[in-house]
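What follows is input_33.cif (mmCIF, C-alpha atoms).
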```cif
data_target
loop_
_atom_site.label_atom_id
_atom_site.label_comp_id
_atom_site.auth_asym_id
_atom_site.auth_seq_id
_atom_site.Cartn_x
_atom_site.Cartn_y
_atom_site.Cartn_z
CA MET D 1 119.80 147.38 209.44
CA THR D 2 123.52 147.04 208.88
CA ASP D 3 125.14 145.81 205.70
CA ALA D 4 126.47 142.75 207.54
CA TYR D 5 122.95 141.87 208.72
CA PHE D 6 121.53 142.38 205.24
CA ALA D 7 124.35 140.24 203.79
CA GLU D 8 123.49 137.49 206.26
CA ILE D 9 119.85 137.55 205.11
CA LEU D 10 120.87 137.48 201.46
CA LEU D 11 123.17 134.56 202.11
CA ASP D 12 120.36 132.67 203.89
CA ALA D 13 118.04 133.32 200.96
CA HIS D 14 120.66 132.10 198.50
CA LYS D 15 121.30 128.93 200.52
CA GLN D 16 117.61 128.16 200.75
CA LEU D 17 117.19 128.62 197.02
CA HIS D 18 120.11 126.36 196.19
CA SER D 19 119.65 123.72 198.89
CA GLU D 20 118.46 121.22 196.29
CA PHE D 21 121.99 121.24 194.82
CA ASP D 22 123.76 120.59 198.14
CA ASN D 23 123.84 116.86 197.49
CA ALA D 24 124.05 116.95 193.70
CA PRO D 25 124.91 113.48 192.37
CA GLU D 26 128.47 113.06 191.11
CA HIS D 27 128.39 113.65 187.37
CA LYS D 28 130.75 111.69 185.15
CA PHE D 29 132.08 114.34 182.82
CA SER D 30 132.78 113.53 179.18
CA LEU D 31 136.29 113.02 177.85
CA ARG D 32 135.99 116.24 175.83
CA HIS D 33 135.20 118.25 178.95
CA ARG D 34 137.91 116.59 181.03
CA ARG D 35 140.47 117.30 178.33
CA GLY D 36 139.46 120.92 178.24
CA MET D 37 139.78 121.23 181.99
CA LYS D 38 143.05 119.31 182.01
CA LYS D 39 144.48 121.88 179.64
CA LEU D 40 143.47 124.57 182.10
CA PHE D 41 145.26 122.88 184.97
CA LYS D 42 148.36 121.95 183.06
CA GLN D 43 148.97 125.43 181.73
CA ASN D 44 152.44 126.59 182.65
CA GLY D 45 154.88 129.24 181.58
CA THR D 46 155.13 132.94 182.04
CA ALA D 47 152.29 135.36 181.62
CA CYS D 48 151.81 136.38 178.03
CA SER D 49 149.77 139.35 176.92
CA GLU D 50 147.16 139.13 174.19
CA LYS D 51 149.47 141.15 171.96
CA CYS D 52 152.34 138.75 172.57
CA GLU D 53 150.09 135.76 171.86
CA HIS D 54 148.84 137.44 168.69
CA LYS D 55 152.44 137.83 167.49
CA ILE D 56 153.13 134.16 168.17
CA ARG D 57 150.03 133.19 166.21
CA ILE D 58 151.14 135.32 163.25
CA SER D 59 154.66 133.85 163.37
CA LYS D 60 153.25 130.33 163.41
CA LYS D 61 151.02 131.13 160.43
CA LEU D 62 154.01 132.48 158.50
CA ILE D 63 156.06 129.38 159.28
CA TYR D 64 153.22 127.07 158.21
CA ALA D 65 152.72 129.07 155.00
CA ALA D 66 156.47 128.93 154.22
CA VAL D 67 156.58 125.17 154.82
CA ILE D 68 153.58 124.59 152.55
CA ILE D 69 154.98 126.75 149.73
CA VAL D 70 158.45 125.14 149.87
CA THR D 71 156.95 121.66 149.95
CA ALA D 72 154.62 122.38 147.03
CA VAL D 73 157.47 123.84 144.98
CA LEU D 74 159.82 120.94 145.70
CA LEU D 75 157.35 118.15 145.16
CA GLY D 76 154.97 119.78 142.70
CA ILE D 77 152.05 117.86 144.05
CA THR D 78 149.04 118.69 146.20
CA ALA D 79 148.85 115.47 148.13
CA ILE D 80 151.82 114.41 150.17
CA ALA D 81 152.42 110.72 150.58
CA VAL D 82 154.83 109.82 153.32
CA ALA D 83 156.06 106.28 153.75
CA THR D 84 156.76 105.50 157.36
CA GLY D 85 157.55 101.81 157.56
CA GLY D 86 154.40 100.27 159.04
CA PHE D 87 152.00 102.68 157.39
CA ARG D 88 151.66 104.83 154.29
CA PHE D 89 149.87 108.13 154.89
CA ASP D 90 148.24 109.82 151.94
CA SER D 91 147.20 113.25 153.23
CA LYS D 92 144.53 115.34 151.53
CA ALA D 93 143.03 118.62 152.65
CA GLU D 94 140.23 117.03 154.67
CA TYR D 95 141.33 113.49 155.38
CA THR D 96 144.22 111.06 155.37
CA LYS D 97 144.13 107.66 153.78
CA VAL D 98 146.23 105.07 155.60
CA LEU D 99 147.54 101.86 154.07
CA SER D 100 149.71 99.14 155.53
CA GLU D 101 153.25 98.61 154.29
CA GLY D 102 155.41 95.52 154.38
CA TRP D 103 152.47 93.11 154.39
CA GLU D 104 154.03 90.52 152.04
CA ASN D 105 155.18 88.23 154.84
CA ALA D 106 152.15 88.74 157.07
CA PRO D 107 149.15 86.33 157.19
CA TYR D 108 146.54 86.92 154.46
CA THR D 109 143.70 85.65 156.68
CA TYR D 110 142.78 85.59 160.35
CA GLU D 111 144.93 82.69 161.51
CA TYR D 112 144.65 83.68 165.14
CA PHE D 113 143.06 86.47 167.11
CA TYR D 114 144.40 88.98 169.55
CA MET D 115 142.80 90.19 172.74
CA VAL D 116 143.60 92.93 175.26
CA ASP D 117 143.21 93.09 179.02
CA ALA D 118 140.33 95.53 179.52
CA PRO D 119 140.90 98.00 182.37
CA ASP D 120 138.98 97.51 185.61
CA GLY D 121 135.29 98.35 185.29
CA PHE D 122 135.06 97.70 181.54
CA GLN D 123 132.76 94.92 180.37
CA LEU D 124 132.65 93.25 176.97
CA THR D 125 129.33 94.41 175.46
CA GLU D 126 129.64 93.46 171.78
CA TYR D 127 131.71 91.08 169.68
CA ASN D 128 131.78 90.90 165.89
CA PRO D 129 133.71 87.87 164.57
CA ASP D 130 133.57 89.18 160.97
CA PHE D 131 135.74 92.14 161.89
CA ALA D 132 137.42 90.55 164.90
CA SER D 133 136.21 93.50 166.93
CA SER D 134 135.22 93.68 170.59
CA LYS D 135 133.46 96.57 172.27
CA TYR D 136 134.05 97.23 175.96
CA GLN D 137 132.06 99.69 178.02
CA SER D 138 132.15 101.29 181.44
CA GLY D 139 129.35 103.83 181.88
CA GLU D 140 129.79 106.42 179.12
CA GLU D 141 133.40 105.37 178.51
CA TYR D 142 134.02 102.78 175.82
CA PHE D 143 136.60 101.38 173.46
CA ILE D 144 136.53 99.02 170.49
CA PHE D 145 139.48 96.76 169.92
CA SER D 146 139.77 95.29 166.43
CA GLN D 147 142.22 93.41 164.27
CA SER D 148 142.77 93.67 160.49
CA VAL D 149 144.71 91.67 157.95
CA LYS D 150 147.65 93.86 156.98
CA ARG D 151 147.23 93.36 153.23
CA ASP D 152 143.59 94.49 153.43
CA TYR D 153 144.11 97.42 155.77
CA ASN D 154 142.82 100.56 154.08
CA ALA D 155 141.42 103.24 156.38
CA THR D 156 140.47 106.89 155.99
CA TYR D 157 140.58 109.29 158.93
CA ASN D 158 139.37 112.83 159.33
CA THR D 159 142.51 114.93 159.72
CA GLU D 160 141.07 118.33 158.90
CA GLY D 161 142.27 120.29 161.92
CA TYR D 162 143.67 117.15 163.57
CA THR D 163 147.15 115.69 163.43
CA ILE D 164 148.50 112.19 163.15
CA GLU D 165 151.01 111.44 165.86
CA GLU D 166 153.42 108.64 165.08
CA LEU D 167 154.49 106.39 167.94
CA LEU D 168 156.43 103.28 168.72
CA ILE D 169 154.69 100.68 170.88
CA ASN D 170 156.91 97.78 171.91
CA ASP D 171 159.20 98.84 169.03
CA ARG D 172 156.32 98.55 166.56
CA LYS D 173 155.07 101.40 164.38
CA ALA D 174 151.82 103.00 165.48
CA PHE D 175 149.90 106.24 165.10
CA PHE D 176 147.41 108.14 167.17
CA ILE D 177 144.70 110.67 166.26
CA SER D 178 142.53 112.51 168.75
CA TRP D 179 139.23 114.13 167.82
CA GLU D 180 136.87 116.00 170.10
CA ASP D 181 135.12 113.06 171.71
CA THR D 182 137.06 110.04 170.60
CA SER D 183 140.56 108.97 169.69
CA VAL D 184 142.09 106.16 167.69
CA ILE D 185 145.36 104.32 167.98
CA VAL D 186 146.53 101.89 165.31
CA CYS D 187 149.55 99.62 165.59
CA ASP D 188 151.28 97.30 163.17
CA ASN D 189 152.32 94.37 165.35
CA GLY D 190 154.14 92.62 162.50
CA ASP D 191 151.41 90.10 161.67
CA TYR D 192 148.22 92.15 161.92
CA ILE D 193 146.99 95.71 162.33
CA LEU D 194 145.55 96.25 165.81
CA ARG D 195 143.27 99.19 166.41
CA ILE D 196 141.61 100.78 169.44
CA ILE D 197 139.03 103.51 169.03
CA GLY D 198 137.09 105.06 171.89
CA THR D 199 136.98 107.59 174.66
CA LEU D 200 140.16 106.51 176.47
CA SER D 201 143.17 108.78 176.79
CA LYS D 202 146.28 108.26 174.67
CA GLU D 203 148.20 106.82 177.63
CA GLN D 204 145.39 104.36 178.39
CA MET D 205 145.25 103.27 174.75
CA VAL D 206 149.02 102.75 174.55
CA ASP D 207 148.98 100.73 177.79
CA LEU D 208 146.05 98.71 176.50
CA LEU D 209 147.78 97.86 173.23
CA LYS D 210 150.82 96.71 175.18
CA THR D 211 148.62 94.03 176.78
CA ALA D 212 147.61 92.57 173.38
CA LYS D 213 148.19 88.83 173.23
CA ILE D 214 147.01 85.91 171.13
CA LYS D 215 143.66 84.50 172.26
CA LYS D 216 143.90 80.81 173.05
CA MET I 1 142.62 133.16 173.86
CA LEU I 2 142.48 130.22 176.23
CA SER I 3 146.18 130.48 177.03
CA PHE I 4 145.73 134.19 177.68
CA TYR I 5 143.08 133.42 180.29
CA LEU I 6 145.26 130.74 181.82
CA SER I 7 148.23 133.02 182.07
CA LEU I 8 146.13 135.13 184.41
CA LEU I 9 146.50 132.46 187.06
CA GLU I 10 149.83 133.64 188.34
CA THR I 11 150.97 131.20 190.98
CA ASP I 12 151.03 127.44 191.40
CA GLU I 13 149.07 127.90 194.61
CA GLU I 14 146.27 129.64 192.75
CA LYS I 15 146.31 126.97 190.07
CA SER I 16 145.98 124.14 192.57
CA GLU I 17 143.32 126.09 194.48
CA PHE I 18 141.46 126.52 191.21
CA GLU I 19 141.65 122.77 190.58
CA ARG I 20 140.39 122.09 194.11
CA LEU I 21 137.41 124.37 193.51
CA TYR I 22 136.67 122.58 190.27
CA LEU I 23 136.83 119.11 191.80
CA THR I 24 134.74 120.16 194.80
CA TYR I 25 131.98 122.01 193.02
CA ARG I 26 131.87 120.69 189.45
CA SER I 27 128.94 118.31 189.99
CA ARG I 28 126.94 120.96 191.84
CA MET I 29 127.68 123.43 189.05
CA PHE I 30 126.73 120.86 186.46
CA ALA I 31 123.41 120.23 188.24
CA ILE I 32 122.65 123.98 188.27
CA ALA I 33 123.57 124.26 184.58
CA MET I 34 121.29 121.33 183.75
CA ARG I 35 118.35 123.22 185.27
CA TYR I 36 118.73 125.87 182.58
CA LEU I 37 120.16 123.93 179.65
CA HIS I 38 118.57 120.45 179.95
CA ASN I 39 121.44 118.98 177.97
CA THR I 40 124.62 117.37 179.37
CA HIS I 41 126.83 118.60 176.53
CA ASP I 42 125.81 122.24 176.98
CA ALA I 43 125.87 121.94 180.77
CA GLU I 44 129.47 120.71 180.68
CA ASP I 45 130.37 123.58 178.37
CA ALA I 46 128.73 125.98 180.81
CA VAL I 47 130.91 124.61 183.64
CA GLN I 48 134.00 125.21 181.53
CA HIS I 49 132.85 128.71 180.53
CA ALA I 50 132.16 129.47 184.17
CA PHE I 51 135.71 128.57 185.14
CA LEU I 52 137.11 130.69 182.32
CA LYS I 53 134.98 133.51 183.67
CA ILE I 54 136.36 132.92 187.15
CA ILE I 55 139.93 133.13 185.85
CA ASP I 56 138.97 136.23 183.93
CA GLY I 57 137.91 137.68 187.28
CA LYS I 58 141.63 137.95 187.99
CA THR I 59 141.59 135.51 190.92
CA LYS I 60 138.88 137.43 192.80
CA ILE I 61 137.54 134.05 193.89
CA PHE I 62 140.60 133.53 196.09
CA GLN I 63 139.85 136.70 198.01
CA ILE I 64 136.31 135.61 198.90
CA ASP I 65 135.71 133.87 202.24
CA ALA I 66 135.78 130.10 201.79
CA HIS I 67 132.18 129.64 202.97
CA LYS I 68 130.98 132.16 200.39
CA GLN I 69 132.87 130.70 197.42
CA GLN I 70 130.04 128.28 196.76
CA CYS I 71 127.57 131.17 196.41
CA TYR I 72 129.92 132.89 194.02
CA LEU I 73 130.23 129.76 191.89
CA ASP I 74 126.43 129.25 191.98
CA ILE I 75 125.94 132.72 190.53
CA ILE I 76 128.68 132.38 187.93
CA ILE I 77 127.41 129.03 186.66
CA ARG I 78 123.81 130.27 186.49
CA ASN I 79 124.91 133.22 184.40
CA ALA I 80 127.22 131.11 182.24
CA SER I 81 124.28 128.77 181.57
CA ILE I 82 121.95 131.62 180.69
CA ASP I 83 124.58 133.18 178.42
CA LEU I 84 125.04 129.87 176.65
CA HIS I 85 121.28 129.41 176.34
CA LYS I 86 120.91 132.89 174.85
CA LYS I 87 123.81 132.29 172.50
CA ASN I 88 122.29 129.03 171.29
CA LYS I 89 118.92 130.69 170.80
CA ARG I 90 120.47 133.83 169.31
CA VAL I 91 118.55 136.08 171.67
CA ILE I 92 119.90 139.57 172.30
CA PRO I 93 120.45 139.91 176.06
CA PHE I 94 118.12 142.31 177.82
CA GLU I 95 119.84 145.20 179.53
CA PHE I 96 118.68 148.08 181.63
CA THR I 97 119.58 151.43 180.16
CA GLU I 98 118.54 153.84 182.88
CA ASN I 99 121.29 155.19 185.06
CA ILE I 100 119.76 154.99 188.50
CA GLU I 101 121.73 155.49 191.66
CA ASP I 102 121.50 153.13 194.60
CA SER I 103 119.68 155.33 197.08
CA PHE I 104 117.60 153.12 199.38
CA SER I 105 118.75 152.20 202.84
CA PHE I 106 117.16 149.91 205.39
CA GLU I 107 118.50 151.58 208.48
CA SER I 108 115.06 152.54 209.74
CA MET I 109 113.75 149.01 209.50
CA VAL I 110 112.96 146.80 212.42
CA GLU I 111 115.40 144.03 213.18
CA GLY I 112 114.40 140.76 214.76
CA LYS I 113 113.94 137.09 213.99
CA ALA I 114 110.40 137.39 212.64
CA MET I 115 111.35 140.24 210.36
CA LYS I 116 114.48 138.44 209.26
CA LYS I 117 112.43 135.41 208.24
CA LYS I 118 109.94 137.58 206.34
CA LEU I 119 112.73 139.43 204.60
CA THR I 120 114.50 136.19 203.65
CA ASP I 121 111.25 134.80 202.24
CA PHE I 122 110.70 137.96 200.25
CA ILE I 123 114.26 138.01 198.87
CA ILE I 124 113.71 134.49 197.58
CA THR I 125 110.84 135.79 195.45
CA LEU I 126 112.96 138.52 193.84
CA PRO I 127 114.01 137.96 190.21
CA ASP I 128 117.28 135.99 190.08
CA ALA I 129 119.07 138.80 188.27
CA GLN I 130 118.22 141.34 190.98
CA ARG I 131 119.05 139.02 193.86
CA GLU I 132 122.38 138.06 192.33
CA ALA I 133 123.30 141.69 191.77
CA LEU I 134 122.82 142.22 195.51
CA MET I 135 124.73 139.03 196.36
CA MET I 136 127.70 140.07 194.28
CA THR I 137 128.00 143.50 195.82
CA VAL I 138 126.68 143.09 199.38
CA VAL I 139 127.70 139.54 200.30
CA LEU I 140 130.72 138.93 198.10
CA LYS I 141 131.76 142.57 198.24
CA LEU I 142 132.76 142.86 194.61
CA THR I 143 133.05 146.37 193.27
CA TYR I 144 130.42 147.43 190.72
CA PRO I 145 132.80 147.06 187.75
CA GLU I 146 133.92 143.62 188.99
CA ALA I 147 130.36 142.40 189.56
CA ALA I 148 129.18 143.76 186.21
CA MET I 149 132.01 141.98 184.44
CA GLN I 150 131.26 138.68 186.17
CA LEU I 151 127.55 138.94 185.36
CA ASN I 152 128.33 139.96 181.79
CA ILE I 153 126.28 143.15 181.99
CA THR I 154 127.06 146.85 182.00
CA GLU I 155 127.68 148.70 185.23
CA THR I 156 124.53 150.74 184.55
CA ALA I 157 122.48 147.57 184.27
CA LEU I 158 123.98 146.32 187.51
CA ARG I 159 123.14 149.55 189.35
CA SER I 160 119.63 149.41 187.97
CA ARG I 161 119.13 145.84 189.18
CA ILE I 162 120.39 146.74 192.63
CA TYR I 163 118.12 149.78 192.72
CA GLN I 164 115.08 147.74 191.67
CA ALA I 165 115.85 145.05 194.24
CA ARG I 166 116.35 147.51 197.08
CA LYS I 167 113.20 149.39 196.10
CA SER I 168 111.15 146.19 196.14
CA ILE I 169 112.57 145.18 199.52
CA TYR I 170 111.98 148.62 200.95
CA ARG I 171 108.35 148.66 199.79
CA HIS I 172 107.74 145.18 201.09
CA MET I 173 109.19 146.05 204.49
CA GLU I 174 107.18 149.27 204.66
CA LYS I 175 104.04 147.30 203.90
CA GLU I 176 104.87 144.74 206.58
CA ARG I 177 105.51 147.45 209.10
CA SER I 178 102.25 149.29 208.37
CA GLU I 179 100.32 146.01 208.67
CA ASN I 180 101.95 145.38 212.03
CA ASP I 181 101.08 148.89 213.19
#
```

Now that the file is in, can you turn its structure into structure tokens?
Amino acid sequence: MTDAYFAEILLDAHKQLHSEFDNAPEHKFSLRHRRGMKKLFKQNGTACSEKCEHKIRISKKLIYAAVIIVTAVLLGITAIAVATGGFRFDSKAEYTKVLSEGWENAPYTYEYFYMVDAPDGFQLTEYNPDFASSKYQSGEEYFIFSQSVKRDYNATYNTEGYTIEELLINDRKAFFISWEDTSVIVCDNGDYILRIIGTLSKEQMVDLLKTAKIKK
Amino acid sequence: MLSFYLSLLETDEEKSEFERLYLTYRSRMFAIAMRYLHNTHDAEDAVQHAFLKIIDGKTKIFQIDAHKQQCYLDIIIRNASIDLHKKNKRVIPFEFTENIEDSFSFESMVEGKAMKKKLTDFIITLPDAQREALMMTVVLKLTYPEAAMQLNITETALRSRIYQARKSIYRHMEKERSEND
């Protein structure tokens, strides 16, 4: 019996054993998985050896350490509060407390409500008038859109190992944080704080916030 | 470490081919992983680990005939799932330690449809690890070091699995032949 013939038999055996997977149902992969795979596909640049990458990691660590030491010496404090117009970030080792700034001229109550245009396929599944929050769902994907009075806005986010990215949405201050399975985007639209939390990508969340309009 | 693996994909063509493989086979791979892990979170991780393993194979996948790529991915995902299962359960992987050479041949065996069917049926009953060791080397034509690396075992363990598989097949065929005589 030749190797080719034996290979043919082995291949037949393998196909028979795995025939049940030939029409495997399409699985909707989680956001965490898709992000991981997206990173794989997007990877660019020249080949870099492990040694080279190790050097880069060490350099980055040294830069971070230098920045921390200089900051601590200059400010003499452990927590760094940074005022950024729409929001005040009070960063601690494990979390960041976020407060609204410039709320004096904004409404102190819910005088009107905002809504967003949910993407195709998303259905409104929950609504809580107390927090002006709406939950939309499409399979395992979901997002919650909510509105807060600026004066009362006081949120704490896990930023241990995660970064706050500041953005401008329609010329309004906003920030974005991405965790493993979910992300949040918060925007100061001048009158209220609008927030979206869920499994959507950053681009989807930004686009969604741009559709925010007053509910009639 | 991830970027190191990714840098191993040298050309844009390989990268897009890799993406095509992922999009074509991800649900099948997920279904196979679910058989071993029974948990969507772990099964998705296994799919990702499998692709990292494929990249680590230094683009060997692109040298395999297109119609055999699915078999290769089936084997890689099964092993990635088992590795993940062992890791989660903190079980030390079993390995063969004997250094046994691959010495059986089937040249003297009878060829023919009936025998082919019997042999196929028997190969299906072999332990997965032994059958996959044969698949990697005989069908996919990976070298022993390449196959061992992809299966996450030592070369000695791989040789031992191949030896055990060939021995079982040889004995089975001998038995069949004597019964026919």

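The interatomic distance for the pair CA of Ile197 (chain D) and CA of Phe30 (chain I) works out to 27.5 Å.
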
Note to self: List the spatial neighbours of region 120-128 of chain D as a PyMOL selection string - criterion: any atom at most 12 Å away, only C-alpha atoms, same-chain residues fewer than 5 positions off excluded.
What the structure shows: chain D and resi 115+133-147+200+204+208

Output of the above residues as a compact mmCIF listing (two decimals), in the coordinates of the input, restricted to C-alpha atoms:
```txt
# COMPACT_ATOMS: atom_id res chain seq x y z
CA MET D 115 142.80 90.19 172.74
CA SER D 133 136.21 93.50 166.93
CA SER D 134 135.22 93.68 170.59
CA LYS D 135 133.46 96.57 172.27
CA TYR D 136 134.05 97.23 175.96
CA GLN D 137 132.06 99.69 178.02
CA SER D 138 132.15 101.29 181.44
CA GLY D 139 129.35 103.83 181.88
CA GLU D 140 129.79 106.42 179.12
CA GLU D 141 133.40 105.37 178.51
CA TYR D 142 134.02 102.78 175.82
CA PHE D 143 136.60 101.38 173.46
CA ILE D 144 136.53 99.02 170.49
CA PHE D 145 139.48 96.76 169.92
CA SER D 146 139.77 95.29 166.43
CA GLN D 147 142.22 93.41 164.27
CA LEU D 200 140.16 106.51 176.47
CA GLN D 204 145.39 104.36 178.39
CA LEU D 208 146.05 98.71 176.50
```

Check: Care to translate the PyMOL selection byres ((chain I and resi 76) around 8) into actual residues of this file, as a ChimeraX atom specification?
Finding: /I:50,53-54,72-75,77-80,150-151

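Nearest to Ala93 (chain D) of all the residues D:Gly161, D:Gly36, D:Pro25, D:Pro129 is D:Gly161, based on all atoms listed in the file.
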
Neighbour residues at most 9 Å from (147.4, 103.3, 154.8) (only C-alpha atoms) as a short mmCIF file (atom, residue, chain, number, x, y, z; two decimals) with C-alpha atoms, in the frame of the given file:
```
data_model
loop_
_atom_site.label_atom_id
_atom_site.label_comp_id
_atom_site.auth_asym_id
_atom_site.auth_seq_id
_atom_site.Cartn_x
_atom_site.Cartn_y
_atom_site.Cartn_z
CA GLY D 86 154.40 100.27 159.04
CA PHE D 87 152.00 102.68 157.39
CA ARG D 88 151.66 104.83 154.29
CA PHE D 89 149.87 108.13 154.89
CA ASP D 90 148.24 109.82 151.94
CA THR D 96 144.22 111.06 155.37
CA LYS D 97 144.13 107.66 153.78
CA VAL D 98 146.23 105.07 155.60
CA LEU D 99 147.54 101.86 154.07
CA SER D 100 149.71 99.14 155.53
CA GLU D 101 153.25 98.61 154.29
CA TYR D 153 144.11 97.42 155.77
CA ASN D 154 142.82 100.56 154.08
CA ALA D 155 141.42 103.24 156.38
CA THR D 156 140.47 106.89 155.99
#
```

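Across D:Tyr64, D:Leu40, D:Arg35, D:Ile193, the tightest approach to chain I is made by D:Leu40 when counting only C-alpha atoms.
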
Note to self: What does the structure give for the distance between CA of Ile185 (chain D) and CA of Ser91 (chain D), in Å to one decimal?
What the structure shows: 17.3 Å

Next item on the list: Can you turn the PyMOL selection byres ((chain I and resi 45) around 10) into a concrete residue list for this file, as a list in words?
Entry: Arg32, His33 and Gly36 of chain D; Phe30, Ala33, Thr40, His41, Asp42, Ala43, Glu44, Ala46, Val47, Gln48, His49, Ala50, Phe51, Ala80, Ser81 and Leu84 of chain I

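When only C-alpha atoms are used to compute distances to chain D, the closest of the residues I:Ser27, I:Thr143, I:Thr137, I:Asn152 turns out to be I:Ser27.
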
Item checked: Exercise: Asp171 (chain D) partners within 12 Å, all atoms listed in the file, chain neighbours under 2 positions left out, as a ChimeraX atom specification -> /D:85-86,167-169,173-174,187-190,210

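One finds CA of Glu166 (chain D) at 23.2 Å from CA of Ala66 (chain D).
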
Centre and size of axis-aligned box enclosing region 156-161 of chain D plus 4 Å each side, as lines of an AutoDock Vina configuration file:
```
center_x = 140.9
center_y = 113.6
center_z = 159.0
size_x = 11.1
size_y = 21.4
size_z = 13.9
```

Note to self: Under the rule that all atoms listed in the file are counted, which of D:Asp117, D:Asp3, D:Asp191, D:Glu20 is the nearest residue to Trp103 (chain D)?
What the structure shows: D:Asp191
